[in-house]
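**Student:** Here you go, this is my_file.txt (compact mmCIF, C-alpha atoms).
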```
# COMPACT_ATOMS: atom_id res chain seq x y z
CA MET A 1 20.67 17.07 13.93
CA ARG A 2 20.92 17.95 10.26
CA PHE A 3 17.93 17.26 8.05
CA THR A 4 16.63 17.86 4.53
CA LYS A 5 13.10 18.70 3.48
CA MET A 6 11.96 17.24 0.15
CA HIS A 7 8.67 16.57 -1.55
CA GLY A 8 7.22 14.36 -4.26
CA LEU A 9 4.35 16.28 -5.89
CA GLY A 10 3.74 18.15 -2.64
CA ASN A 11 3.86 15.04 -0.41
CA ASP A 12 6.57 16.46 1.85
CA TYR A 13 8.75 14.70 4.40
CA VAL A 14 11.74 15.55 6.55
CA TYR A 15 14.68 13.30 5.60
CA VAL A 16 17.55 12.38 7.89
CA ASN A 17 20.78 10.82 6.61
CA CYS A 18 21.42 8.08 9.16
CA PHE A 19 24.83 7.39 7.65
CA GLU A 20 25.78 10.56 9.55
CA GLU A 21 23.05 11.15 12.14
CA THR A 22 21.50 9.06 14.94
CA VAL A 23 17.77 9.20 15.70
CA ASP A 24 16.92 7.55 19.02
CA HIS A 25 13.15 8.16 19.15
CA PRO A 26 11.89 8.49 15.55
CA SER A 27 8.16 8.26 16.37
CA ALA A 28 8.30 11.14 18.84
CA LEU A 29 10.58 13.12 16.54
CA SER A 30 8.15 12.68 13.64
CA VAL A 31 5.30 14.18 15.66
CA ARG A 32 7.46 17.12 16.74
CA ILE A 33 9.10 17.85 13.41
CA SER A 34 5.93 17.41 11.32
CA ASP A 35 3.93 20.09 13.11
CA ARG A 36 3.33 22.89 10.63
CA HIS A 37 3.11 25.55 13.33
CA THR A 38 5.83 24.63 15.83
CA GLY A 39 8.00 22.23 13.82
CA VAL A 40 9.50 22.06 10.36
CA GLY A 41 6.16 21.11 8.83
CA SER A 42 5.75 17.85 6.90
CA ASP A 43 3.67 14.75 6.31
CA GLY A 44 6.18 12.78 8.37
CA LEU A 45 9.78 11.71 8.92
CA VAL A 46 11.93 9.50 6.68
CA LEU A 47 15.23 7.94 7.72
CA ILE A 48 17.80 7.00 5.06
CA CYS A 49 19.75 4.12 6.61
CA PRO A 50 22.63 1.77 5.83
CA CYS A 51 21.55 -1.72 4.80
CA ASP A 52 23.18 -5.09 4.22
CA ALA A 53 20.33 -6.49 2.10
CA ALA A 54 20.02 -3.51 -0.29
CA ASP A 55 21.89 -0.35 -1.24
CA PHE A 56 19.85 1.71 1.25
CA GLU A 57 17.01 1.27 3.73
CA MET A 58 14.00 3.55 4.24
CA ARG A 59 12.27 3.88 7.61
CA MET A 60 9.29 6.20 7.50
CA TYR A 61 6.95 7.63 10.11
CA ASN A 62 3.65 9.44 9.63
CA ALA A 63 2.89 12.82 11.16
CA ASP A 64 1.15 11.07 14.09
CA GLY A 65 4.27 9.01 14.84
CA SER A 66 3.00 5.72 13.45
CA GLU A 67 5.45 3.80 11.26
CA ALA A 68 4.39 3.05 7.67
CA GLU A 69 5.50 0.21 5.45
CA MET A 70 6.02 2.03 2.17
CA CYS A 71 5.76 5.39 0.41
CA GLY A 72 6.25 5.85 -3.31
CA ASN A 73 6.92 9.59 -3.10
CA ALA A 74 9.45 9.15 -0.31
CA SER A 75 11.17 6.40 -2.31
CA ARG A 76 11.66 8.76 -5.23
CA CYS A 77 12.96 11.48 -2.92
CA ILE A 78 15.48 9.05 -1.44
CA GLY A 79 16.62 8.22 -4.97
CA LYS A 80 17.23 11.90 -5.65
CA TYR A 81 18.90 12.47 -2.28
CA VAL A 82 21.45 9.66 -2.52
CA PHE A 83 22.25 10.43 -6.17
CA ASP A 84 22.52 14.21 -5.83
CA ARG A 85 24.54 13.97 -2.59
CA GLY A 86 27.02 11.46 -3.99
CA LEU A 87 26.03 8.52 -1.78
CA THR A 88 25.84 6.57 -5.05
CA ASP A 89 26.78 7.11 -8.66
CA HIS A 90 24.52 4.32 -9.91
CA THR A 91 21.34 5.11 -11.81
CA GLU A 92 19.74 1.88 -10.61
CA ILE A 93 19.65 1.20 -6.87
CA THR A 94 17.79 -1.03 -4.43
CA LEU A 95 15.88 0.25 -1.41
CA LYS A 96 14.73 -1.87 1.50
CA THR A 97 11.29 -0.86 2.82
CA GLY A 98 8.74 -2.31 5.19
CA ALA A 99 7.05 -3.72 2.08
CA GLY A 100 10.17 -5.41 0.71
CA ILE A 101 13.09 -4.37 -1.49
CA LYS A 102 12.25 -1.94 -4.29
CA THR A 103 14.30 -1.03 -7.35
CA LEU A 104 14.70 2.63 -8.31
CA ARG A 105 15.83 3.80 -11.76
CA ILE A 106 17.13 7.36 -11.85
CA THR A 107 17.09 9.57 -14.95
CA PRO A 108 19.72 12.30 -14.49
CA LYS A 109 19.75 15.77 -15.99
CA ASP A 110 22.72 18.14 -15.65
CA GLY A 111 24.24 15.83 -13.04
CA LYS A 112 21.14 15.71 -10.82
CA ALA A 113 18.32 13.18 -10.55
CA ASP A 114 15.48 14.51 -12.68
CA SER A 115 12.90 11.71 -12.72
CA ILE A 116 12.75 8.47 -10.73
CA ARG A 117 10.97 5.27 -11.76
CA VAL A 118 10.15 2.90 -8.92
CA ASP A 119 9.39 -0.81 -9.21
CA MET A 120 6.59 -0.95 -6.65
CA GLY A 121 6.36 -4.74 -6.65
CA ILE A 122 3.31 -6.88 -7.37
CA PRO A 123 0.01 -5.33 -6.24
CA GLU A 124 -2.47 -7.47 -4.36
CA VAL A 125 -6.16 -7.00 -5.07
CA GLN A 126 -7.84 -8.14 -1.86
CA GLU A 127 -11.51 -7.49 -2.60
CA ILE A 128 -13.66 -5.76 -5.21
CA GLY A 129 -16.93 -4.16 -4.16
CA ARG A 130 -16.59 -4.22 -0.37
CA LYS A 131 -19.53 -2.19 0.95
CA ILE A 132 -19.38 0.36 3.73
CA GLU A 133 -22.27 2.55 4.89
CA ILE A 134 -21.62 6.06 6.19
CA GLY A 135 -24.37 8.52 7.00
CA GLY A 136 -26.95 6.44 5.14
CA VAL A 137 -24.85 6.28 1.97
CA THR A 138 -23.32 2.99 0.78
CA TYR A 139 -19.86 3.19 -0.78
CA HIS A 140 -18.22 0.39 -2.77
CA MET A 141 -14.51 -0.05 -2.11
CA THR A 142 -11.81 -1.93 -3.98
CA LEU A 143 -9.24 -3.07 -1.41
CA VAL A 144 -5.66 -3.14 -2.66
CA SER A 145 -2.36 -3.78 -0.91
CA MET A 146 0.79 -2.10 -2.19
CA GLY A 147 2.65 -3.43 0.83
CA ASN A 148 0.40 -1.09 2.80
CA PRO A 149 -3.43 -1.05 2.88
CA HIS A 150 -5.66 1.00 0.56
CA ALA A 151 -9.40 1.35 0.11
CA VAL A 152 -10.25 2.88 -3.28
CA ILE A 153 -13.65 4.47 -3.92
CA PHE A 154 -14.73 5.74 -7.34
CA VAL A 155 -16.73 8.97 -7.15
CA ASP A 156 -18.31 11.29 -9.71
CA ASP A 157 -16.27 14.35 -8.75
CA ALA A 158 -13.19 13.86 -6.59
CA ASP A 159 -12.49 17.60 -6.58
CA HIS A 160 -15.65 18.36 -4.59
CA PHE A 161 -15.97 15.17 -2.57
CA ASP A 162 -15.90 15.26 1.26
CA VAL A 163 -12.49 13.61 1.52
CA HIS A 164 -11.87 14.85 5.06
CA GLY A 165 -15.17 13.70 6.51
CA ILE A 166 -15.50 10.33 4.76
CA GLY A 167 -11.78 9.58 4.65
CA ARG A 168 -11.34 10.00 8.39
CA ILE A 169 -14.26 7.67 9.14
CA ILE A 170 -13.06 4.93 6.78
CA GLU A 171 -9.45 5.14 7.96
CA ASN A 172 -10.56 4.39 11.52
CA HIS A 173 -13.47 2.05 10.75
CA PRO A 174 -13.55 -1.24 12.74
CA MET A 175 -13.28 -3.27 9.53
CA PHE A 176 -9.69 -1.96 9.30
CA PRO A 177 -8.10 -2.84 12.65
CA ASN A 178 -4.72 -1.45 11.51
CA ARG A 179 -6.42 1.55 9.83
CA THR A 180 -6.18 2.14 6.07
CA ASN A 181 -5.33 4.72 3.44
CA VAL A 182 -8.38 5.87 1.46
CA GLU A 183 -8.38 7.01 -2.17
CA PHE A 184 -11.23 8.88 -3.88
CA ALA A 185 -10.88 8.61 -7.65
CA THR A 186 -12.68 9.92 -10.72
CA VAL A 187 -11.80 8.21 -14.01
CA ARG A 188 -11.71 10.96 -16.64
CA SER A 189 -10.60 8.68 -19.49
CA PRO A 190 -8.87 5.30 -19.96
CA GLU A 191 -5.57 7.22 -19.70
CA GLU A 192 -6.33 9.69 -16.88
CA ILE A 193 -7.56 9.47 -13.30
CA ARG A 194 -8.15 12.34 -10.87
CA MET A 195 -7.43 11.21 -7.33
CA ARG A 196 -7.41 12.64 -3.83
CA VAL A 197 -6.07 10.69 -0.88
CA TRP A 198 -6.68 10.49 2.84
CA GLU A 199 -3.45 9.01 4.22
CA ARG A 200 -3.44 6.84 7.30
CA GLY A 201 -1.83 8.84 10.08
CA SER A 202 -1.45 12.07 8.11
CA GLY A 203 -4.85 13.10 6.71
CA GLU A 204 -5.26 14.49 3.20
CA THR A 205 -1.90 14.98 1.50
CA MET A 206 -0.87 16.56 -1.77
CA ALA A 207 0.08 13.18 -3.21
CA CYS A 208 0.52 9.53 -2.29
CA GLY A 209 2.60 7.23 -4.49
CA THR A 210 1.25 3.95 -3.16
CA GLY A 211 -2.25 5.44 -3.18
CA ALA A 212 -1.93 6.42 -6.84
CA CYS A 213 -0.76 2.89 -7.62
CA ALA A 214 -3.68 1.39 -5.69
CA ALA A 215 -6.19 3.65 -7.46
CA PHE A 216 -4.79 2.66 -10.86
CA VAL A 217 -4.93 -1.05 -9.97
CA ALA A 218 -8.51 -0.67 -8.75
CA ALA A 219 -9.48 1.14 -11.96
CA GLN A 220 -7.82 -1.52 -14.11
CA VAL A 221 -9.41 -4.52 -12.38
CA ASN A 222 -12.78 -2.75 -12.67
CA GLY A 223 -12.23 -2.34 -16.43
CA LEU A 224 -11.90 1.44 -16.38
CA VAL A 225 -8.33 1.97 -17.66
CA GLY A 226 -5.72 0.22 -19.76
CA LYS A 227 -2.11 -0.66 -18.92
CA LYS A 228 -0.88 2.90 -18.35
CA ALA A 229 -2.43 6.10 -17.04
CA VAL A 230 -1.59 9.48 -15.56
CA LEU A 231 -2.87 10.02 -12.03
CA GLN A 232 -3.69 13.68 -11.44
CA LEU A 233 -2.99 14.31 -7.76
CA ASN A 234 -3.34 17.53 -5.79
CA GLY A 235 0.39 18.09 -6.23
CA GLY A 236 0.64 17.13 -9.90
CA PRO A 237 0.76 14.15 -12.29
CA LEU A 238 2.22 10.71 -11.58
CA THR A 239 2.53 8.06 -14.29
CA ILE A 240 1.53 4.49 -13.37
CA GLU A 241 2.06 1.40 -15.52
CA TRP A 242 1.00 -2.24 -14.94
CA ASP A 243 0.09 -4.97 -17.41
CA GLY A 244 -2.28 -6.67 -14.96
CA GLY A 245 -0.32 -9.91 -14.76
CA ALA A 246 -0.48 -11.88 -11.53
CA SER A 247 3.33 -11.93 -11.33
CA SER A 248 3.97 -8.55 -12.98
CA PRO A 249 5.41 -5.62 -11.03
CA LEU A 250 3.80 -2.19 -11.15
CA TYR A 251 5.85 0.92 -11.96
CA GLN A 252 5.38 4.54 -10.97
CA GLU A 253 7.41 7.44 -12.32
CA GLY A 254 7.55 11.07 -11.33
CA PRO A 255 9.66 13.90 -9.91
CA ALA A 256 11.30 14.46 -6.55
CA THR A 257 12.09 17.97 -5.34
CA PHE A 258 14.63 19.34 -2.85
CA VAL A 259 13.21 22.14 -0.66
CA PHE A 260 15.88 23.05 1.91
CA ASP A 261 18.46 21.79 4.40
CA GLY A 262 18.27 22.64 8.08
CA VAL A 263 19.52 21.87 11.56
CA LEU A 264 17.30 20.88 14.47
CA ASP A 265 18.74 21.95 17.81
```
Using structure tokens, write down the structure that the file contains.

**Tutor:**
Amino acid sequence: MRFTKMHGLGNDYVYVNCFEETVDHPSALSVRISDRHTGVGSDGLVLICPCDAADFEMRMYNADGSEAEMCGNASRCIGKYVFDRGLTDHTEITLKTGAGIKTLRITPKDGKADSIRVDMGIPEVQEIGRKIEIGGVTYHMTLVSMGNPHAVIFVDDADHFDVHGIGRIIENHPMFPNRTNVEFATVRSPEEIRMRVWERGSGETMACGTGACAAFVAAQVNGLVGKKAVLQLNGGPLTIEWDGGASSPLYQEGPATFVFDGVLD
């Protein structure tokens, strides 16, 4: 089976072109291929599939084999893959995901996709100020859905926060029966947010597109940022834009990077 490794700001996945390849057991394959010691090493597996309802379809699986609804970084990587490999010559394409059909706008440079802007759809703010107590400390969460669940917590210093310890507990807390992604964010200015993310099924990752979107939405509804900000993730900056309207889509824009092609025997 041929595959391609790509990453969006360090959030790396193994991509399989299902126009050419067949994957019978994607959950099991994701666990095997994601292992950073005995596999390729990744945050999960992404299948690029034919689709009648959109130009392409994305199926994505976390490193633990669980299937996820949506991933902003993986969406951008798919945009680069299909454009650079000649599966499309359009700079605007549609992508079916578990969270609906998304529109990708590709900015080329020297014949290759350089930056990809993704219409992430309309965010849903589910609750502001949900309390959770861990180790005697009460945290206040803003719950946001980007087609997948997020719990955003604002902290004084995201760089030195116990993301692994607190993130793991919140992901698996009984108040989230389907588990949740957890974002720890520090608002540096109305135009900049530092964020680290504990991804459901994968642990801390270098970046999370939907998580960055959720953190921006949470900051905006809490009056901390304006309509556009740069999210500083472990893997680099991601630009998020949303005017706050109840029927307005949110946009994220950033790079996608090819790492290597390979063959799994």

**Student:** Can you build me a table of segment 106-178 of chain A residues sitting at most 9 Å from segment 76-93 of chain A, with the closest atom pair per residue and its distance in Å to one decimal, using all atoms listed in the file, sorted by chain and residue number, as JSON lines?

**Tutor:**
```
{"residue": "A:Ile106", "atom": "CA", "partner": "A:Thr91", "partner_atom": "CA", "distance": 4.8}
{"residue": "A:Thr107", "atom": "CA", "partner": "A:Thr91", "partner_atom": "CA", "distance": 6.9}
{"residue": "A:Pro108", "atom": "CA", "partner": "A:Thr91", "partner_atom": "CA", "distance": 7.8}
{"residue": "A:Gly111", "atom": "CA", "partner": "A:Asp84", "partner_atom": "CA", "distance": 7.6}
{"residue": "A:Lys112", "atom": "CA", "partner": "A:Asp84", "partner_atom": "CA", "distance": 5.4}
{"residue": "A:Ala113", "atom": "CA", "partner": "A:Lys80", "partner_atom": "CA", "distance": 5.2}
{"residue": "A:Asp114", "atom": "CA", "partner": "A:Lys80", "partner_atom": "CA", "distance": 7.7}
{"residue": "A:Ser115", "atom": "CA", "partner": "A:Arg76", "partner_atom": "CA", "distance": 8.1}
{"residue": "A:Ile116", "atom": "CA", "partner": "A:Arg76", "partner_atom": "CA", "distance": 5.6}
{"residue": "A:Arg117", "atom": "CA", "partner": "A:Arg76", "partner_atom": "CA", "distance": 7.4}
{"residue": "A:Val118", "atom": "CA", "partner": "A:Arg76", "partner_atom": "CA", "distance": 7.1}
```

**Student:** Please identify all polymer residues within 9 Å of Asp43 of chain A, counting only C-alpha atoms, omitting same-chain residues fewer than 2 positions from it, and present them as a list of chain:residue names.

**Tutor:**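 Here the qualifying residues turn out to be A:Asn11, A:Asp12, A:Tyr13, A:Val14, A:Ser30, A:Ser34, A:Asp35, A:Gly41, A:Leu45, A:Tyr61, A:Asn62, A:Ala63, A:Asp64, A:Gly201, A:Ser202, A:Gly203, A:Thr205.
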
**Student:** Record the distance separating atom CA of Gly211 of chain A and atom CA of Arg194 of chain A, expressed in Å with one decimal.

**Tutor:**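 About the pair atom CA of Gly211 of chain A and atom CA of Arg194 of chain A: they are 11.9 Å apart.
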
**Student:** Between atom CA of Tyr139 of chain A and atom CA of Asn178 of chain A, what is the distance in Å, rounded to a tenth?

**Tutor:**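 Here the two named atoms are 20.0 Å from each other.
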
**Student:** In Å, how far is it from atom CA of Gly165 of chain A to atom CA of Ala207 of chain A?

**Tutor:** 18.1 Å

**Student:** Any idea what's packed within 6 Å of segment 229-240 of chain A, counting only C-alpha atoms, ignoring anything in its chain fewer than 2 positions away? Could you give it as JSON, numbers by chain?

**Tutor:** {"A": [9, 10, 191, 192, 193, 194, 195, 206, 207, 251, 252, 253, 254]}

**Student:** For a quick check of understanding, using only C-alpha atoms, which of A:Ile48, A:Val263, A:Ala246, A:Met1 has the smallest distance to Asn17 of chain A?

**Tutor:**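 Of all the options, A:Ile48 lies closest to Asn17 of chain A.
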
**Student:** Quick one: residues within 7 Å of Ala99 of chain A, all atoms listed in the file, excluding same-chain residues fewer than 4 positions away - as a ChimeraX atom specification?

**Tutor:** /A:69-70,147

**Student:** Excluding Val152 of chain A and its own-chain neighbours fewer than 5 positions away, which residues fall within 6 Å of it when counting all atoms listed in the file? Please give them as a PyMOL selection string.

**Tutor:** chain A and resi 141-142+182-183+215

**Student:** Out of A:Thr257, A:Ser27, A:Gln126, A:Asn148, which residue has the shortest atom-to-atom distance to Gly98 of chain A when counting all atoms listed in the file?

**Tutor:**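 The answer is A:Asn148, which sits nearest to Gly98 of chain A.
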
**Student:** Contacts of Ile122 of chain A at 10 Å or less, counting all atoms listed in the file, minus same-chain residues fewer than 4 places along, as a PyMOL selection string?

**Tutor:** chain A and resi 145-147+242+244-251

**Student:** For a quick check of understanding, using all atoms listed in the file, which of A:Thr22, A:Thr210, A:Ser75, A:Thr4 has the smallest distance to His150 of chain A?

**Tutor:**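 Checking each of A:Thr22, A:Thr210, A:Ser75, A:Thr4 against His150 of chain A, counting all atoms listed in the file, the winner is A:Thr210.
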
**Student:** Choose the residue, out of A:Cys18, A:Ile166, A:Ala53, A:Leu143, that has the smallest atom-to-atom separation from Pro123 of chain A; count only C-alpha atoms.

**Tutor:**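 Distance minimum relative to Pro123 of chain A lands on A:Leu143.
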
**Student:** Enclose segment 19-22 of chain A, meaning all of its atoms listed in the file, in a box aligned along x, y and z, pad it by 3 Å on each side, and list the centre and edge lengths in Å to one decimal, as JSON.

**Tutor:**
```
{"center_x": 23.6, "center_y": 9.3, "center_z": 11.3, "size_x": 10.3, "size_y": 9.8, "size_z": 13.3}
```

**Student:** Using all atoms listed in the file, which residue out of A:Ala212, A:Ile132, A:Val259, A:Val23 lies closest to Cys49 of chain A?

**Tutor:** A:Val23

**Student:** Check the smallest atom-to-atom distance from each of A:Arg105, A:Glu20, A:Thr138, A:Arg32 to Val155 of chain A using only C-alpha atoms, then report the winner.

**Tutor:**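 Closest candidate: A:Thr138.
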